[in-house]
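Chemist: run_7.txt (compact mmCIF, C-alpha atoms and all ligand atoms) pasted underneath:
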# COMPACT_ATOMS: atom_id res chain seq x y z
CA MET A 959 13.95 36.00 64.88
CA TYR A 960 11.23 38.70 64.76
CA ARG A 961 8.94 36.48 66.86
CA ARG A 962 11.74 36.01 69.43
CA ILE A 963 12.34 39.78 69.65
CA GLN A 964 8.63 40.33 70.23
CA GLU A 965 8.31 37.52 72.77
CA ALA A 966 11.19 39.04 74.77
CA LEU A 967 9.45 42.44 74.76
CA TRP A 968 6.01 41.04 75.49
CA GLN A 969 7.12 39.35 78.70
CA ASN A 970 6.37 42.62 80.40
CA PRO A 971 2.69 43.54 79.71
CA PRO A 972 3.10 47.34 80.08
CA VAL A 973 5.40 47.38 77.02
CA CYS A 974 3.47 44.87 74.92
CA GLU A 975 2.70 47.61 72.36
CA PHE A 976 6.38 48.42 72.02
CA ASP A 977 7.66 48.27 68.43
CA VAL A 978 11.43 48.17 68.29
CA PHE A 979 11.33 49.33 64.63
CA TRP A 980 8.85 52.17 65.17
CA GLU A 981 11.33 55.02 64.93
CA SER A 982 12.90 53.84 61.67
CA LYS A 983 9.47 53.20 60.11
CA THR A 984 8.09 56.63 60.99
CA GLN A 985 11.35 58.26 59.89
CA SER A 986 11.10 56.51 56.52
CA PHE A 987 7.61 57.99 56.06
CA LEU A 988 8.76 61.48 57.08
CA ASP A 989 11.84 61.33 54.81
CA SER A 990 9.60 60.43 51.86
CA ALA A 991 7.45 63.56 52.35
CA PRO A 992 8.17 65.19 48.94
CA ALA A 993 7.34 61.96 47.08
CA ILE A 994 4.20 61.41 49.18
CA THR A 995 3.09 64.99 48.55
CA ALA A 996 3.61 64.51 44.80
CA LEU A 997 1.55 61.31 44.82
CA CYS A 998 -1.29 62.84 46.83
CA SER A 999 -1.36 65.89 44.53
CA HIS A 1000 -1.55 63.58 41.51
CA GLN A 1001 -4.39 61.71 43.19
CA GLY A 1002 -6.26 64.97 43.85
CA GLU A 1003 -5.99 65.97 40.17
CA LEU A 1004 -6.96 62.46 39.05
CA ARG A 1005 -10.09 62.52 41.18
CA GLY A 1006 -11.12 65.70 39.35
CA ARG A 1007 -10.56 64.08 35.94
CA LEU A 1008 -12.25 60.74 36.69
CA PRO A 1009 -15.89 61.72 36.11
CA GLN A 1010 -15.09 62.68 32.47
CA SER A 1011 -12.59 59.91 31.77
CA SER A 1012 -13.14 57.01 29.40
CA ASP A 1013 -12.48 53.39 30.29
CA SER A 1014 -9.24 53.42 28.30
CA GLN A 1015 -8.02 56.47 30.27
CA ARG A 1016 -8.98 54.77 33.53
CA MET A 1017 -7.01 51.74 32.45
CA GLU A 1018 -3.94 53.91 31.80
CA TYR A 1019 -4.30 55.51 35.25
CA LEU A 1020 -4.56 52.07 36.85
CA LEU A 1021 -1.50 50.74 35.02
CA LYS A 1022 0.55 53.68 36.28
CA LEU A 1023 -0.59 53.33 39.88
CA LEU A 1024 0.14 49.60 39.82
CA GLN A 1025 3.70 50.46 38.79
CA VAL A 1026 3.99 53.13 41.47
CA SER A 1027 2.89 50.54 44.05
CA LEU A 1028 5.34 47.99 42.61
CA TRP A 1029 8.34 50.35 42.71
CA GLY A 1030 7.29 51.50 46.19
CA ASN A 1031 8.53 48.04 47.20
CA LYS A 1032 12.11 49.18 46.63
CA CYS A 1033 11.78 50.99 49.97
CA ASP A 1034 12.11 48.27 52.59
CA LEU A 1035 14.14 48.53 55.75
CA SER A 1036 14.90 44.82 55.88
CA ILE A 1037 17.06 44.77 52.75
CA SER A 1038 18.89 47.91 53.97
CA ALA A 1039 19.43 46.33 57.41
CA GLY A 1040 17.28 48.99 59.05
CA GLN A 1041 19.25 51.85 57.51
CA GLU A 1042 17.44 54.79 56.00
CA ASN A 1043 15.62 53.60 52.85
CA SER A 1044 13.01 56.18 51.94
CA GLN A 1045 11.78 57.34 48.53
CA LYS A 1046 14.08 60.16 47.47
CA GLY A 1047 12.98 62.86 45.08
CA SER A 1048 9.50 64.13 44.48
CA GLY A 1049 8.51 62.46 41.25
CA PRO A 1050 7.63 58.77 41.69
CA LEU A 1051 5.34 59.09 38.66
CA ASP A 1052 8.01 60.79 36.57
CA SER A 1053 10.44 57.94 37.10
CA LEU A 1054 8.11 55.26 35.68
CA ASP A 1055 9.52 55.61 32.13
CA SER A 1056 13.11 55.18 33.25
CA LEU A 1057 12.12 52.12 35.32
CA ARG A 1058 10.29 50.49 32.39
CA PRO A 1059 13.31 48.42 31.19
CA PHE A 1060 13.50 46.87 34.66
CA LEU A 1061 9.90 45.64 34.60
CA LEU A 1062 10.44 41.99 33.63
CA LEU A 1063 6.77 40.97 33.53
CA ASP A 1064 3.83 43.30 33.25
CA HIS A 1065 0.45 41.59 33.54
CA SER A 1066 -1.31 44.74 34.68
CA LYS A 1067 -3.81 44.66 31.80
CA GLN A 1068 -5.03 41.34 33.21
CA VAL A 1069 -5.59 43.08 36.53
CA TRP A 1070 -7.71 45.65 34.68
CA SER A 1071 -9.67 42.89 32.87
CA VAL A 1072 -10.43 40.95 36.01
CA LEU A 1073 -11.72 44.09 37.77
CA THR A 1074 -13.86 45.28 34.89
CA ALA A 1075 -15.31 41.79 34.42
CA ALA A 1076 -16.16 41.62 38.15
CA ARG A 1077 -17.70 45.07 38.07
CA GLY A 1078 -20.07 43.98 35.28
CA SER A 1079 -23.19 45.93 34.68
CA CYS A 1080 -26.72 44.81 35.32
CA GLN A 1081 -29.31 47.43 34.29
CA GLY A 1082 -26.91 50.15 35.32
CA GLN A 1083 -26.35 48.52 38.74
CA ARG A 1084 -22.74 47.65 39.39
CA SER A 1085 -21.82 44.53 41.33
CA PRO A 1086 -19.85 44.77 44.57
CA VAL A 1087 -16.16 44.17 43.87
CA ARG A 1088 -13.73 43.28 46.64
CA VAL A 1089 -9.96 43.62 46.41
CA ASP A 1090 -7.61 42.29 49.11
CA VAL A 1091 -4.13 43.79 49.46
CA VAL A 1092 -1.59 41.69 51.34
CA LEU A 1093 0.64 44.51 52.51
CA ASP A 1094 4.40 44.60 52.82
CA ASN A 1095 6.30 47.67 54.05
CA ALA A 1096 5.23 50.74 56.00
CA GLY A 1097 6.56 54.15 54.96
CA PHE A 1098 6.49 55.18 51.31
CA GLU A 1099 5.38 51.74 50.03
CA LEU A 1100 2.25 51.76 52.21
CA VAL A 1101 1.30 55.19 50.85
CA THR A 1102 1.59 53.87 47.27
CA ASP A 1103 -0.76 51.01 48.25
CA LEU A 1104 -3.27 53.39 49.83
CA ILE A 1105 -3.18 55.60 46.74
CA LEU A 1106 -3.83 52.57 44.52
CA ALA A 1107 -6.71 51.40 46.76
CA ASP A 1108 -8.16 54.93 46.78
CA PHE A 1109 -8.07 54.97 42.97
CA LEU A 1110 -9.83 51.58 42.77
CA LEU A 1111 -12.79 52.98 44.72
CA ALA A 1112 -12.79 56.43 43.08
CA ALA A 1113 -12.70 54.89 39.57
CA GLY A 1114 -15.51 52.45 40.38
CA LEU A 1115 -13.22 49.45 39.91
CA ALA A 1116 -13.85 48.19 43.44
CA THR A 1117 -16.37 48.79 46.19
CA GLU A 1118 -14.34 47.34 49.06
CA VAL A 1119 -10.64 46.99 49.85
CA ARG A 1120 -9.37 44.79 52.65
CA PHE A 1121 -5.81 45.34 53.77
CA HIS A 1122 -3.88 42.51 55.42
CA GLY A 1123 -0.95 43.35 57.68
CA LYS A 1124 1.17 41.74 60.37
CA SER A 1125 0.04 41.19 63.95
CA PHE A 1126 3.45 42.14 65.38
CA PRO A 1127 6.59 43.92 64.12
CA TRP A 1128 8.03 41.77 61.35
CA PHE A 1129 10.90 42.02 58.85
CA VAL A 1130 11.69 45.47 60.25
CA SER A 1131 9.33 47.60 58.18
CA ASP A 1132 6.28 45.36 57.56
CA VAL A 1133 2.95 47.08 58.21
CA THR A 1134 1.19 46.49 61.53
CA ALA A 1135 -2.22 47.91 62.54
CA ARG A 1136 -0.43 50.73 64.35
CA ASP A 1137 1.60 51.68 61.24
CA PHE A 1138 -1.52 51.53 59.08
CA HIS A 1139 -3.59 53.86 61.27
CA TRP A 1140 -0.64 56.13 62.05
CA THR A 1141 0.05 56.63 58.34
CA ILE A 1142 -3.55 57.61 57.65
CA ALA A 1143 -3.69 59.92 60.68
CA GLN A 1144 -0.39 61.52 59.69
CA THR A 1145 -1.54 62.04 56.10
CA SER A 1146 -4.85 63.59 57.14
CA ALA A 1147 -3.06 65.96 59.57
CA ALA A 1148 -0.56 67.13 56.92
CA ASN A 1149 -0.26 70.82 56.22
CA HIS A 1150 -0.69 70.26 52.51
CA GLN A 1151 -4.02 70.52 50.73
CA TRP A 1152 -3.91 67.30 48.69
CA MET A 1153 -2.11 65.20 51.24
CA SER A 1154 -4.59 66.14 53.91
CA ALA A 1155 -7.51 65.58 51.47
CA CYS A 1156 -6.24 62.05 50.81
CA GLY A 1157 -5.90 61.26 54.52
CA VAL A 1158 -9.38 62.60 55.28
CA GLN A 1159 -10.82 60.51 52.43
CA TRP A 1160 -9.01 57.38 53.70
CA LYS A 1161 -10.41 57.93 57.21
CA ARG A 1162 -13.86 58.20 55.65
CA TYR A 1163 -13.39 54.90 53.79
CA LEU A 1164 -12.44 53.21 57.07
CA LYS A 1165 -15.42 54.72 58.90
CA GLU A 1166 -17.83 53.66 56.17
CA GLY A 1167 -16.35 50.15 55.96
CA ALA A 1168 -15.21 50.48 52.34
CA TRP A 1169 -11.69 49.93 53.69
CA SER A 1170 -10.75 47.63 56.52
CA TYR A 1171 -7.55 46.39 58.13
CA HIS A 1172 -7.06 42.73 59.06
CA ASP A 1173 -4.29 40.69 60.54
CA HIS A 1174 -3.98 36.94 60.89
CA ALA A 1175 -1.32 34.82 62.56
CA PHE A 1176 -0.74 32.98 59.26
CA TRP A 1177 1.12 35.97 57.79
CA THR A 1178 3.82 35.70 60.47
CA LEU A 1179 4.16 31.91 60.42
CA PRO A 1180 6.76 30.14 58.28
CA HIS A 1181 4.18 28.45 56.03
CA GLU A 1182 4.28 28.85 52.30
CA TYR A 1183 0.96 29.92 50.83
CA SER A 1184 0.17 26.54 49.30
CA ASP A 1185 -0.29 25.42 52.96
CA MET A 1186 -2.93 28.06 53.66
CA ALA A 1187 -5.98 25.91 52.90
CA GLY A 1188 -4.81 23.37 55.51
CA SER A 1189 -3.22 25.69 58.08
CA ALA A 1190 -5.58 28.66 57.99
CA PRO A 1191 -8.77 27.42 56.28
CA GLU A 1192 -10.86 30.42 57.38
CA LEU A 1193 -8.34 32.87 55.89
CA HIS A 1194 -8.22 30.83 52.67
CA ALA A 1195 -12.03 30.75 52.52
CA SER A 1196 -12.21 34.50 53.07
CA LEU A 1197 -9.65 35.22 50.32
CA SER A 1198 -11.64 32.95 47.99
CA SER A 1199 -14.51 35.45 48.15
CA SER A 1200 -12.33 38.25 46.84
CA HIS A 1201 -12.26 39.34 43.20
CA LEU A 1202 -8.56 40.17 43.24
CA LEU A 1203 -5.67 39.53 45.61
CA LEU A 1204 -2.66 41.84 45.41
CA PHE A 1205 0.45 40.45 47.09
CA LYS A 1206 3.04 43.11 47.79
CA GLY A 1207 6.75 42.55 47.97
CA ASP A 1208 9.51 40.04 47.87
CA LEU A 1209 8.77 37.93 50.92
CA ASN A 1210 5.16 37.38 49.83
CA TYR A 1211 6.46 36.25 46.42
CA ARG A 1212 8.87 33.81 48.05
CA LYS A 1213 6.01 32.34 50.07
CA LEU A 1214 3.75 32.21 47.01
CA VAL A 1215 6.25 30.07 45.08
CA GLY A 1216 7.55 28.18 48.12
CA ASP A 1217 11.03 29.78 47.89
CA ARG A 1218 12.20 26.93 45.65
CA ASP A 1219 14.97 26.96 43.08
CA TRP A 1220 12.54 26.88 40.12
CA PRO A 1221 13.82 27.11 36.55
CA HIS A 1222 12.96 30.69 35.51
CA ALA A 1223 10.61 29.54 32.73
CA THR A 1224 8.37 27.60 35.15
CA PRO A 1225 4.79 28.82 34.67
CA PHE A 1226 3.61 30.89 37.66
CA HIS A 1227 0.54 28.73 38.25
CA LEU A 1228 2.74 25.62 38.61
CA ALA A 1229 5.03 27.33 41.12
CA LEU A 1230 1.96 28.37 43.15
CA ARG A 1231 1.22 24.65 43.63
CA GLY A 1232 -2.52 24.93 43.94
CA PHE A 1233 -2.66 28.28 45.76
CA CYS A 1234 -4.93 30.59 43.81
CA PRO A 1235 -8.06 31.18 45.91
CA ALA A 1236 -8.98 34.10 43.64
CA PRO A 1237 -7.30 35.93 40.74
CA LEU A 1238 -4.03 37.17 42.13
CA ALA A 1239 -1.17 39.46 41.21
CA SER A 1240 2.24 39.81 42.79
CA LEU A 1241 3.80 43.29 42.76
CA ARG A 1242 7.37 42.58 43.68
CA THR A 1243 10.85 44.00 43.29
CA LEU A 1244 13.35 41.14 43.13
CA LYS A 1245 15.44 40.78 46.29
CA ALA A 1246 15.79 36.99 46.62
CA ASN A 1247 16.98 34.15 44.38
CA VAL A 1248 13.70 33.08 42.84
CA GLN A 1249 11.78 34.18 39.76
CA VAL A 1250 9.40 32.16 37.61
CA GLY A 1251 7.26 32.81 34.54
CA LEU A 1252 9.99 34.31 32.33
CA GLY A 1253 10.35 33.51 28.62
CA ALA A 1254 12.71 30.66 27.66
CA GLY A 1255 16.33 31.74 28.12
CA ARG A 1256 15.48 35.15 29.62
CA GLY A 1257 16.71 34.28 33.12
CA GLU A 1258 20.03 33.01 31.76
CA GLU A 1259 20.39 36.13 29.63
CA LEU A 1260 19.85 38.34 32.69
CA THR A 1261 22.34 36.32 34.74
CA ALA A 1262 24.97 36.76 32.02
CA ASP A 1263 24.34 40.53 31.79
CA THR A 1264 23.67 41.39 35.44
CA PRO A 1265 24.60 38.61 37.88
CA THR A 1266 22.76 40.37 40.74
CA TRP A 1267 19.44 40.83 38.87
CA MET A 1268 17.50 38.67 41.36
CA THR A 1269 18.82 40.27 44.54
CA SER A 1270 19.56 43.94 43.82
CA GLY A 1271 15.96 45.17 44.17
CA SER A 1272 16.35 46.95 40.81
CA TYR A 1273 14.06 44.66 38.77
CA GLY A 1274 10.36 44.16 39.30
CA VAL A 1275 7.36 42.13 38.17
CA ILE A 1276 3.61 42.54 38.06
CA GLN A 1277 2.74 38.88 37.72
CA PHE A 1278 -0.81 37.62 37.45
CA CYS A 1279 -2.50 34.24 37.82
CA SER A 1280 -6.15 33.39 37.68
CA PRO A 1281 -7.82 30.21 38.98
CA GLU A 1282 -9.49 29.84 35.55
CA ARG A 1283 -6.76 30.85 33.16
CA GLU A 1284 -3.27 29.46 33.36
CA GLN A 1285 -0.42 31.85 32.57
O1 LIG B 1 9.21 41.54 51.37
P1 LIG B 1 10.12 42.69 51.08
O2 LIG B 1 9.98 43.80 52.08
O3 LIG B 1 10.03 43.16 49.67
O4 LIG B 1 11.59 42.14 51.23
C1 LIG B 1 11.97 41.55 52.43
C2 LIG B 1 13.34 40.98 52.26
O5 LIG B 1 14.13 41.86 51.52
O6 LIG B 1 13.99 40.79 53.41
C3 LIG B 1 14.89 39.69 53.23
C4 LIG B 1 16.24 40.09 53.66
O7 LIG B 1 16.20 40.32 55.02
C5 LIG B 1 14.77 39.28 51.81
O8 LIG B 1 15.07 37.99 51.54
C6 LIG B 1 13.36 39.58 51.71
O9 LIG B 1 12.82 39.15 50.64
What is this structure when it is put down as structure tokens?
Ligand SMILES: O=P(O)(O)OC[C@@]1(O)O[C@H](CO)[C@@H](O)[C@@H]1O

Modeler:
Amino acid sequence: MYRRIQEALWQNPPVCEFDVFWESKTQSFLDSAPAITALCSHQGELRGRLPQSSDSQRMEYLLKLLQVSLWGNKCDLSISAGQENSQKGSGPLDSLDSLRPFLLLDHSKQVWSVLTAARGSCQGQRSPVRVDVVLDNAGFELVTDLILADFLLAAGLATEVRFHGKSFPWFVSDVTARDFHWTIAQTSAANHQWMSACGVQWKRYLKEGAWSYHDHAFWTLPHEYSDMAGSAPELHASLSSSHLLLFKGDLNYRKLVGDRDWPHATPFHLALRGFCPAPLASLRTLKANVQVGLGAGRGEELTADTPTWMTSGSYGVIQFCSPEREQ
């Protein structure tokens, strides 16, 4: 459907840049201003604390920002049929405790381990570490992803972050190159000390090549990700050189596990059916009828308690798989 909309608009070259969802995406960013300001202020303070912080403190910071990025996925305009769906309130970090019971799987310590192992240390020289983020929604969620990526570089957990977005407007609020650059420009131009400092830093990362934005036709084709090696071998090969792949959101999860009706206790690596070009983690709030990797009986328990647990967007997972270690 999204391809058809775009094809109709692209028949006339002068409007080929036209994004039918632009207004709702930018509005969602603007409506989330207090929450974005709170996150950027937290990031500014964190940057100040990082030089004196121990590894265990850095791990705690990372675990929090992974959760912020996960819960940022509640804000998508597709599930709300394009209606306003911004982050209300100013304390996305303050709400982490109350959201804890809804986090069904939390493999974030494995994300920490994989990054610290990749970082290594050879006579004080740290190895280059690349993280790829397969983005989902623009607006508040994108800001949570940028904050996380900023932290990875500032904390020395990564030296490069590649962001992957869509090549045309997709599932209403999915990030395109225009959304990505607009968000950074908007942040840097903000009339708020920390928000502007974040945006300026993000522009610097882009200029220096520590951050880069990529799009590939594969992300807007119907293929599940187990088809990637055959359908988009160059993308698969590129992702294989990464140290960590972060897949944001529900639709990416559905494509990771092939959108099948798996029993909930199916191990994640089995549901991926051979797709694991590098250690990967899915940060996803549940909006569609699929979830694997739960303990025996847990899915049934949730269904009995809350029949809508898989579709309400209230529950989330941070689910990890490594090519070496099966979950
Ligand atoms: O990938 P996201 O942004 O988390 O969610 C997108 C999404 O909510 O849109 C569809 C409904 O239109 C869902 O099936 C789907 O998963």

Chemist: Smallest atom-to-atom distance to Pro1221 in chain A: which of A:Ser1200, A:Asn1149, A:Gln1249, A:Ser1131, using only C-alpha atoms?

Modeler: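 When distances to Pro1221 in chain A are compared using only C-alpha atoms, the smallest one comes from A:Gln1249.
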
Chemist: For chain A versus ligand LIG 1 (chain B), which residues have an atom no more than 9 Å away, and what is each residue's nearest atom pair and distance in Å rounded to one decimal, using all atoms listed in the file, chain-then-number order, as a Markdown table?

Modeler:
| residue | atom | partner | partner_atom | distance |
| --- | --- | --- | --- | --- |
| A:Asn1031 | CA | B:LIG1 | O3 | 5.7 |
| A:Lys1032 | CA | B:LIG1 | O3 | 7.1 |
| A:Cys1033 | CA | B:LIG1 | O2 | 7.7 |
| A:Asp1034 | CA | B:LIG1 | O2 | 5.0 |
| A:Leu1035 | CA | B:LIG1 | O2 | 7.3 |
| A:Ser1036 | CA | B:LIG1 | O7 | 4.8 |
| A:Ile1037 | CA | B:LIG1 | O5 | 4.3 |
| A:Ser1038 | CA | B:LIG1 | O5 | 8.1 |
| A:Ala1039 | CA | B:LIG1 | O7 | 7.2 |
| A:Asp1094 | CA | B:LIG1 | O2 | 5.7 |
| A:Asn1095 | CA | B:LIG1 | O2 | 5.7 |
| A:Phe1129 | CA | B:LIG1 | O6 | 6.4 |
| A:Val1130 | CA | B:LIG1 | O2 | 8.5 |
| A:Ser1131 | CA | B:LIG1 | O2 | 7.2 |
| A:Asp1132 | CA | B:LIG1 | O2 | 6.8 |
| A:Lys1206 | CA | B:LIG1 | O3 | 7.2 |
| A:Gly1207 | CA | B:LIG1 | O3 | 3.7 |
| A:Asp1208 | CA | B:LIG1 | O3 | 3.6 |
| A:Leu1209 | CA | B:LIG1 | O1 | 3.7 |
| A:Asn1210 | CA | B:LIG1 | O1 | 6.0 |
| A:Tyr1211 | CA | B:LIG1 | O1 | 7.7 |
| A:Arg1212 | CA | B:LIG1 | O9 | 7.1 |
| A:Arg1242 | CA | B:LIG1 | O3 | 6.6 |
| A:Thr1243 | CA | B:LIG1 | O3 | 6.5 |
| A:Leu1244 | CA | B:LIG1 | O3 | 7.6 |
| A:Lys1245 | CA | B:LIG1 | O9 | 5.3 |
| A:Ala1246 | CA | B:LIG1 | O8 | 5.1 |
| A:Asn1247 | CA | B:LIG1 | O8 | 8.3 |
| A:Thr1269 | CA | B:LIG1 | O8 | 8.3 |
| A:Gly1271 | CA | B:LIG1 | O5 | 8.3 |

Chemist: Quick one: distance from CA of Leu1252 in chain A to CA of Val1072 in chain A in Å, one decimal?

Modeler: 21.8 Å

Chemist: Could you state the separation of CA of Asp1108 in chain A and CA of Leu1238 in chain A in Å, given to one decimal place?

Modeler: 18.8 Å

Chemist: Which distance in Å separates CA of Leu1104 in chain A and CA of Gln1068 in chain A, to one decimal?

Modeler: 20.6 Å

Chemist: Pick out the residues sitting within 8 Å of Gly1030 in chain A, and hand them over as a ChimeraX atom specification; count only C-alpha atoms, and ignore anything fewer than 6 positions along from it in its own chain.

Modeler: /A:1045,1098-1100,1102

Chemist: Which is closer to Met959 in chain A than all the others in A:Leu1115, A:Leu1179, A:Lys1022, A:Trp1152, using all atoms listed in the file?

Modeler: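 Between A:Leu1115, A:Leu1179, A:Lys1022, A:Trp1152, the residue approaching Met959 in chain A most closely is A:Leu1179.
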
Chemist: Which one is closest to Leu1051 in chain A: A:Ala1155, A:Val978, A:Asp1013, A:Ala996? Count all atoms listed in the file.

Modeler: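 Nearest to Leu1051 in chain A: A:Ala996.
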
Chemist: As a list in words, please: the residues near Met1153 in chain A (cut-off 6 Å, all atoms listed in the file, same-chain neighbours under 3 positions excluded).

Modeler: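 My reading of the contact set: Thr995, Cys998, Thr1145, His1150 and Cys1156 of chain A.
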